[in-house]
Each structure stands twice: as structure tokens, then as C-alpha cells.
Amino acid sequence: MGRLPKWNEMQEGFITNTLSESINKTGTWRTFKPIIDHSRCTKCGWCVIYCPEPCISFESSGDGKVVIDYDFCKGCGICAEECPIKCIDMVMEE
Amino acid sequence: MQKVEPFLLSGNLAIAYAIKQLNVDVVSAYPITPQTTIIEKISEYVAKGELKANFMLVESEHSAISACLSAAASGARVFTSSSSQGLLLMHEILFITSALRLPVVMVVANRSVSAPINIWNDHGDIMPQRDTGWIQFFVESAQEAYDKVIQAYRIAEDKRVRLPIMVNMDGIVLSHTYEPVYPLSDSEVASFSPWNLSLKRLDPDNPLTIGGFCYPDYYFETRYQSSKALEDSLPIISKVDKEFGKLSGRSYGLVSPLKCDDADAILVSIGSISTTIRATVKKLREKGKKVGMVSLKLFRPFPLNELIKSIKNAKAIGIIDRALSPGAVAGPLFTDVTSALYLSKMSIPAVNFFVGLGGRDVKVEDIESMFANLKKILKSGKIEKHSYYVGLRE
Amino acid sequence: MPFKNLKEIIVRQDFFSPGHGLCAGCGAAQIARIVMKIAGKNSIMINATGCLEVSTTTYPWTAWKVPYIHVAFENAAAVASGIRAAYDALIMKKKLDKDVNVVVLAGDGGTADIGLQALSGAFERGDRIVYICYDNEAYMNTGIQRSGATPYDAWTTTSPAGQKTLKKDLMGIAIAHRVKYAATATISYLLDAANKVEKALSISGPSFIHWLQPCTIGWRYDPKLTVKLSRLAVKTGLWPLYEHYDGFNKLTVQVPRRTPVLEYLKLQGRFRHIMDNQEELAKIQSYADELATKFGLGPVTE
Ligand SMILES: Cc1ncc(C[n+]2csc(CCOP(=O)(O)OP(=O)(O)O)c2C)c(N)n1
Ligand code: SF4
Ligand code: SF4
Ligand code: SF4
Ligand SMILES: [Mg+2]
């Protein structure tokens, strides 16, 4: 981010509509990274619904596989823990 | 302006009548003497269908002001009123209302604060609210209370202002005393202070986040912004008052001076006591005494230039406080007025008179004694004491 | 129509944006997201001061894609009521035509303690709001101090030897106000929770949801266990899932065979100090047994 706004450049009344996803990339918090084994994934959706960010979704194009947006993934491990067939691995970040 | 017959109304009833004419949408308040009859009357208007509003029966003043705040953020025109302990309970939310720039209008029937519990008038409740960022008026009559409430909505809802407003009216003395009040017609009120939906902030079609958290990198700017808005509202307040004068024949100014031009001794005051001082000045002038007075109609933002203009020729000034500020250098009004003098590079001798706490009567003789006190300073050129507790058994 | 499967919930649009600052694995984030998926676009979100508020609205950004307001700690219910009153009045006066859902998410401190008075007022008035308490069983935002919802024996910074009283019965308090709809929920029983939110939104007066939220920092557990702990709370009988509608309680999730409370407690650092204390463990077990009797849950099986 560049220079911070002056007082009269901020919306009045302490208001904002800038979404956190547009500027706050929480992926940097991560120590362990979830890796999905797509060959085993049944696309059941539990990881999608339980991700607290949320940053897992079904890809809208292609075959609709489950994708993780690593820009936001904090590496909590809930997806891996809750995956019914345990096809997500938590691996140490490089 | 068509000719109208006056109504005989107390300050509280005059306010309730204005609220009805202003077609307020949400009223949320909690009973406390001496403000209660305002909300009783409004409830009656709502029950009879004379005012189409949502009257929220809340369990505390804290909730009353909280609900007004969010209702205003939802685009409604809102009203609340309180006094004393109730106002103190609102304290926390008052800061938030101004920082979020929401046009809440509130009437305060000024009353002393506990302990001991006492239901009569002084300014102990309002002075702790000085720094809450609200525009604050003081009135001297039921008529003025009525007029100011109508002006208040116009000012608060002005896009350049968007700040909450308190209209202060001395409890019992004004809230419960009946006097003839000349009302405007409903249509005059509607066209002078029209409601407009563009103030709406909580709108699913334009989702905004209001009132979140911030680190030191934004806090200062945010607080400065609302503080600056308060400062900048002064000319708009003045203009609205003048326009109101054109409509009604009544305008009040930011300060109301009497005989200040050639007065040696001047008393500065706020609220209903000013009426007694005005009468005293007239009486003393008849005796040839060069005395004057000025009443502040607007307390926040502080009308520094207007006040200085009226007191600049004085040789001694008495500043009247109806609230104590324990342990401070002086009373709240004294501190403001002497700061104004300092900033204007004037050093006029000034003393602080504390009077009328908890409804203690302030009589013409008390005012005369204050002028006599100032006269001593004029003669000797010396200030013996800075603070006097007039009427206190010492 | 109640939700029948997970997909029906997943396909709902999200109004809670990633990039928020809640802890990794925070259960409050899951709640916020699910609630917003169900409440949808035409909703206004109100928060009390707390973890959820400070970590989702850190200026200049916000995680909320619906109108959002936070005012203070103790007044979320009053703020919600003010919005309700405004919309009702403006619609009555034909100044507006579109109504909204008014939804509160407030912590256990903001609900059971400092906010209880304002909540009582809103319940009593019958204001049409959905009030959801996300209960992480302590004041987390200020660094894990006890609240009226902290469970017996739990460590917090202000109950260093363990909390010595039982959790306040918030559902009981809501029901005593004759709210038409009140329910308990937790994230591990997702369909149950989603359907309760949906039902709460349809009620013509105030509705209340008491939602247990595991907190990785305050409960001292590995963040991956958030859902698992939420499940164990139900399985042990410590968090019965039920709803109260029109005067009657109904269990919504049966637990035919209960898990011993130890299985739940031992995963949480906040109970570490009682792990070898059979007497205290027995007390908590008997509290779970009491709840099980009250709600008709099954027996404990090892
Ligand atoms: C009147 C007031 N008192 C105290 C605080 C400090 N405070 C802010 S959040 C908080 C605790 C919030 O606890 P809870 O409601 O359980 O939410 P959590 O942070 O656990 O999500 C406290 C004590 C405050 N903001 N306002
Ligand atoms: S590790 Fe946590 S944050 Fe990352 S994708 Fe899985 S659930 Fe989401
Ligand atoms: S939980 Fe596991 S199986 Fe289900 S969609 Fe996610 S990765 Fe695939
Ligand atoms: S402290 Fe607990 S409630 Fe707060 S953000 Fe972290 S996990 Fe969530
Ligand atoms: Mg909490």
C-alpha cells in the first residue's frame, strides 16, 4: 500500500466497503500447507464448508474440482482433519 | 407567515409538539424527571395516530441512545431525550454517535447529578458531555426550545454537518413552566426541515461496514474528522438560525448580548439564568450602571468570535457556572471563556461565579451581588478571589 | 423448506470474505460464514465488541459483504432493535418498501453478561431480530478472562484455579422471556444449525440461537480440532442440541450413546489441571448426566 489517506480522504463516519479479500492476504500466516489428492477426493464438500476463512471452493470451470486459495489459507488443518477419506495432507511450508 | 394564535405549553410539551410536526420516525427514550412529560406526550401522539412513529419502549437510556443511533443509520429520523443519571448512562454511546456522524437529535432537560439524588436544575449532567462531539444548544424559553428543535433536525441532517445535536433546556424551570408558544404550521415545519432518505447508511443495495476497529494508523484521522465537522458546522448553524428568523420572525444568534457595547462589567452565562440576568441588567441600566450580559445559545461548537465580539470592551467579566468541576482550574464555562480571551490576546479580569446547584434559586439580588463584585474589581483593579459560590452557606 | 444436504448450503452465496484476521481455525469465522450464507443479501449484521468484530472489521477493510454495524459491547440487541424499528417505521410510512433480516452475532460476554439487559429489553418488546450468541465460553478478545458462560473448572486468566460456577443457562433466560423460537447449535451438526438459522429468520418476533464455538486460543487446543471438539461437546451430552418453539422443547439431535466427558476435556488445555483429579472429572460427568436426563439423551458408553 502506498501513502495512507489524509483525514479528509477517508469516508466520513468511519465507514468502509473495501473487502478484506482485496487487501489482506492471510496466506502468509501459514506454517503447514494443505495439499489435496484429487485422485482420491470424492468432492463431498466438507472441507469447503468447514474452512473458516473461507478459502476452499469447487472450481466453477472444468470438472469442478476442489481448490484451495493459498492467498488466504492460514493452515489451520481443519480441512484435513474433517475430510472423511483423509485425502488432504498438511505439509510443512518451505 | 400567517398569523397564529399561541398555545399555552410547557417546555416539554412544546418539544413534543415540534417532534410531532417534524414527523419523526423512531422515538426511543426512558423516563426520568424532568424530561418524562416529553415522551409521555409523544406516546400519546403515537397512540392517537397523530404521529406515525415507532415508539420504542426500552429498558434503559443506554439502549435508548443505542437504538436511536442505529435507527438513524437505517435512514429514520429519530428523537430521544433524557436528564441527569439517564444522560450519564448514555455517555459512552454519545461519543460513538458523533464519530459515526449520525444525525440523532436529543433534548436534555438539564438536572443535577447524584449523589445526593435531586431532581432540580443545574448543568451537572451536561458538562461531562462537553467532549462527546455533539452540537449543543442552550435555550431560555419554551418557545426557543420549540424553535431550536426544528432547527436542530435541519442542521443535523445537513450533508455538510451530519452530527448529533443536543438541545439543552433547564429542567423544571423551563421543562415544566407554561408559557405562550407560537407554533409554525405543519407544512412550514415540513418544508423548513425536510426528511431525506439519502442519510440512510445500512442498505443491502450498498453494503457498508460502520464502526469497526482500527489501529493507530487511522484513529487520529477519524477522530479529527468528526471534530473538524463540529468546528465547521458553526456557519451552517448560524445560517439556519437566520433562515428560521425569516420564516418565523424569531432568530436567536449564536450568542445573545445585551448592552455589551459600553458596559464595564459583563456577565457571561448559559441557559435560563440568562433571563434573570437580562432583567437585572435592564434594572441596573435604569440606575445608570454600565453593566451588560451575554448568553451563549450555542455551547458546542464554541462560538469564540461571536462571544469575543460582545465582551471585548468589558473591563471586568463574571462567568457563571451551574456545575462544579472539582479539582479543575475553574468551572467549565469559565475555562472556555478565558481560553477564548487568551486566544484573542485579551486579558480582561474575570471571575467565576458558581450558582444554582440542584435547583437553588438564583434571584435578581444574587445577580446584583455579582455585578457589585465586578465593580469592586473595576475600582481596585485587583481580583481578590477567582471563584465565588453565590448562595452557598459559608 | 429445511436444508436436506450439504450441497444446498454450499451453493449459497458467501457474504463473509476471506482475508479477515480471526485466528487460524477460529470457530467464530465458521459461524459468521454459515449464518450469512443462510440469511443472505437482504440482511444487516450487528456485532457486539469482541473477537469477531475486531478481527473482521479492521480498518480499512471489512470481511462483510452485507451492511454491518458495530456500536459497543453491551448494546448489540438495542442496536438491532433500532434498525428493526427504523425499517418498520419507514415501511409503515411508505418511505421504504424492502424489508431486511436483522441479525446479531455477539459473544458470550456480550450476551450473558454485559449485554443481558439490552437483550432482555429486545426479547420483551418482541422485536423481530435474530440474535445469535457465539459462545466461546470466555472474554477472548481481551485475552481469555472468564465470563458468565465459562464452564465449571475451566481455566481462564481470571479463573486460574478453574471456574467454580456452572455456565449461565442462556436458553433458559431466553425461554423465560417467552421468545417464540430459541435453539442451541454448533458447527459440527451443520444441517441442524443451518435449519435453525433458517427457522429463526422466519419467526415474527425475536429468536435466539445459542451457538457453541470452540476457540483454539482460549481453550488451548490444536486448531485442526475445532469441528471435532464441537462434535464431542454434543456427543458427551455437554451441549444438547435442541430447540424451543411455541412453548415446547424438542431435541433435534439424539445422542444414543454418549461419549465420556473426559474425551472432550482432555483435548483442551483449559482443563489440563483437572486431568488427574477424579473428583472434579466426576462432577463434570454428573453435570453431563443431568443434562442427558433433562433432554432424554442415551447412556454413556466407553
Ligand atoms: C463497556 C466495555 N467494557 C469492557 C470492554 C472490553 N472488552 C471488549 S471485548 C470484551 C470481551 C468480549 O467477550 P465476548 O463477548 O465473549 O466475545 P469474544 O471476544 O470472546 O468473542 C471486553 C471485556 C468494552 N469494550 N466495553
Ligand atoms: S488449512 Fe484451514 S484455512 Fe487452509 S484450506 Fe484448510 S481449512 Fe482452510
Ligand atoms: S473433504 Fe476430502 S473428499 Fe471431501 S471434498 Fe474435501 S478433499 Fe474432497
Ligand atoms: S481467540 Fe478464539 S474466538 Fe478469538 S479469534 Fe482466536 S480462535 Fe477465534
Ligand atoms: Mg467469548
# chains A, B, ... in the order shown; residues from 1 in each chain; ligands from 1
$ residues_near_ligand --ligand "ligand 2" --cutoff "9 Å" --atoms "only C-alpha atoms and all ligand atoms" --output "PyMOL selection string"
(chain A and resi 27+30+32-35+47-56+67-70+72-82+88+90) or (chain C and resi 24-25+223-224)
$ residues_around --residues "C:Gln13" --least-positions-apart "4" --cutoff "9 Å" --atoms "only C-alpha atoms" --output "list in words"
Ile9, Met36, Lys37, Ile38, Gly40 and Lys41 of chain C
$ write_last_selection --atoms "N, CA and C atoms" --output "PDB file, in the first residue's frame"
ATOM      1  N   ILE C   9     -26.377 -26.046   1.035  1.00  0.00           N
ATOM      2  CA  ILE C   9     -25.786 -24.941   1.796  1.00  0.00           C
ATOM      3  C   ILE C   9     -24.557 -24.400   1.063  1.00  0.00           C
ATOM      4  N   MET C  36     -24.371 -16.126   7.441  1.00  0.00           N
ATOM      5  CA  MET C  36     -24.577 -15.208   6.326  1.00  0.00           C
ATOM      6  C   MET C  36     -25.005 -15.913   5.054  1.00  0.00           C
ATOM      7  N   LYS C  37     -24.526 -17.141   4.866  1.00  0.00           N
ATOM      8  CA  LYS C  37     -24.970 -17.905   3.700  1.00  0.00           C
ATOM      9  C   LYS C  37     -26.492 -18.078   3.757  1.00  0.00           C
ATOM     10  N   ILE C  38     -26.990 -18.282   4.962  1.00  0.00           N
ATOM     11  CA  ILE C  38     -28.415 -18.566   5.087  1.00  0.00           C
ATOM     12  C   ILE C  38     -29.243 -17.284   5.141  1.00  0.00           C
ATOM     13  N   GLY C  40     -28.419 -14.356   3.888  1.00  0.00           N
ATOM     14  CA  GLY C  40     -28.403 -13.799   2.530  1.00  0.00           C
ATOM     15  C   GLY C  40     -28.223 -12.295   2.443  1.00  0.00           C
ATOM     16  N   LYS C  41     -28.359 -11.831   1.227  1.00  0.00           N
ATOM     17  CA  LYS C  41     -28.028 -10.440   0.882  1.00  0.00           C
ATOM     18  C   LYS C  41     -28.858  -9.404   1.644  1.00  0.00           C
TER      19      LYS C  41
END
$ select_by_dssp --residues "chain A" --states "strand (DSSP E or B)" --output "MDAnalysis selection string"
chainID A and resid 15:16 18:19 32:36 56:58 66:68 88:92
$ write_last_selection --atoms "C-alpha atoms" --output "PDB file, in the first residue's frame"
ATOM      1  CA  ILE A  15     -17.176   3.628   7.127  1.00  0.00           C
ATOM      2  CA  THR A  16     -15.572   1.175   4.770  1.00  0.00           C
ATOM      3  CA  THR A  18     -13.154  -2.380   0.989  1.00  0.00           C
ATOM      4  CA  LEU A  19     -13.247  -6.156   1.295  1.00  0.00           C
ATOM      5  CA  PHE A  32       1.548 -26.113   7.205  1.00  0.00           C
ATOM      6  CA  LYS A  33       0.042 -26.244   3.768  1.00  0.00           C
ATOM      7  CA  PRO A  34      -2.950 -28.424   2.879  1.00  0.00           C
ATOM      8  CA  ILE A  35      -2.443 -30.439  -0.299  1.00  0.00           C
ATOM      9  CA  ILE A  36      -5.427 -32.231  -1.817  1.00  0.00           C
ATOM     10  CA  ILE A  56     -11.771 -23.685  -0.397  1.00  0.00           C
ATOM     11  CA  SER A  57     -14.266 -23.927  -3.210  1.00  0.00           C
ATOM     12  CA  PHE A  58     -15.432 -26.034  -6.099  1.00  0.00           C
ATOM     13  CA  VAL A  66     -11.970 -28.685  -5.025  1.00  0.00           C
ATOM     14  CA  VAL A  67      -9.391 -25.876  -4.942  1.00  0.00           C
ATOM     15  CA  ILE A  68      -7.667 -24.043  -2.136  1.00  0.00           C
ATOM     16  CA  ILE A  88      -5.709 -33.803   2.359  1.00  0.00           C
ATOM     17  CA  ASP A  89      -2.128 -33.737   3.597  1.00  0.00           C
ATOM     18  CA  MET A  90      -0.697 -30.986   5.751  1.00  0.00           C
ATOM     19  CA  VAL A  91       2.888 -30.404   4.638  1.00  0.00           C
ATOM     20  CA  MET A  92       5.455 -28.070   6.145  1.00  0.00           C
TER      21      MET A  92
END
$ residues_near_ligand --ligand "ligand 4" --cutoff "12 Å" --atoms "only C-alpha atoms and all ligand atoms" --output "PyMOL selection string"
(chain A and resi 52-53+76) or (chain C and resi 20-32+49-56+106-109+134-145+212-226)
$ residues_around --residues "C:Tyr181" --least-positions-apart "6" --cutoff "10 Å" --atoms "only C-alpha atoms" --output "JSON, numbers by chain"
{"C": [130, 174, 175, 196, 199, 200, 201, 202, 203, 204, 205, 206, 207, 208, 209, 243, 244, 245, 246, 247, 248, 249]}
$ select_by_dssp --residues "stretch 49-131 of chain B" --states "alpha helix (DSSP H)" --output "PyMOL selection string"
chain B and resi 61-73+84-99
$ interface_residues --of "chain C" --to "chain B" --cutoff "7 Å" --atoms "only C-alpha atoms" --output "ChimeraX atom specification"
/C:41-43,53-54,57-59,62,65-71,75,78-79,81-83,85-86,89-90,118,121
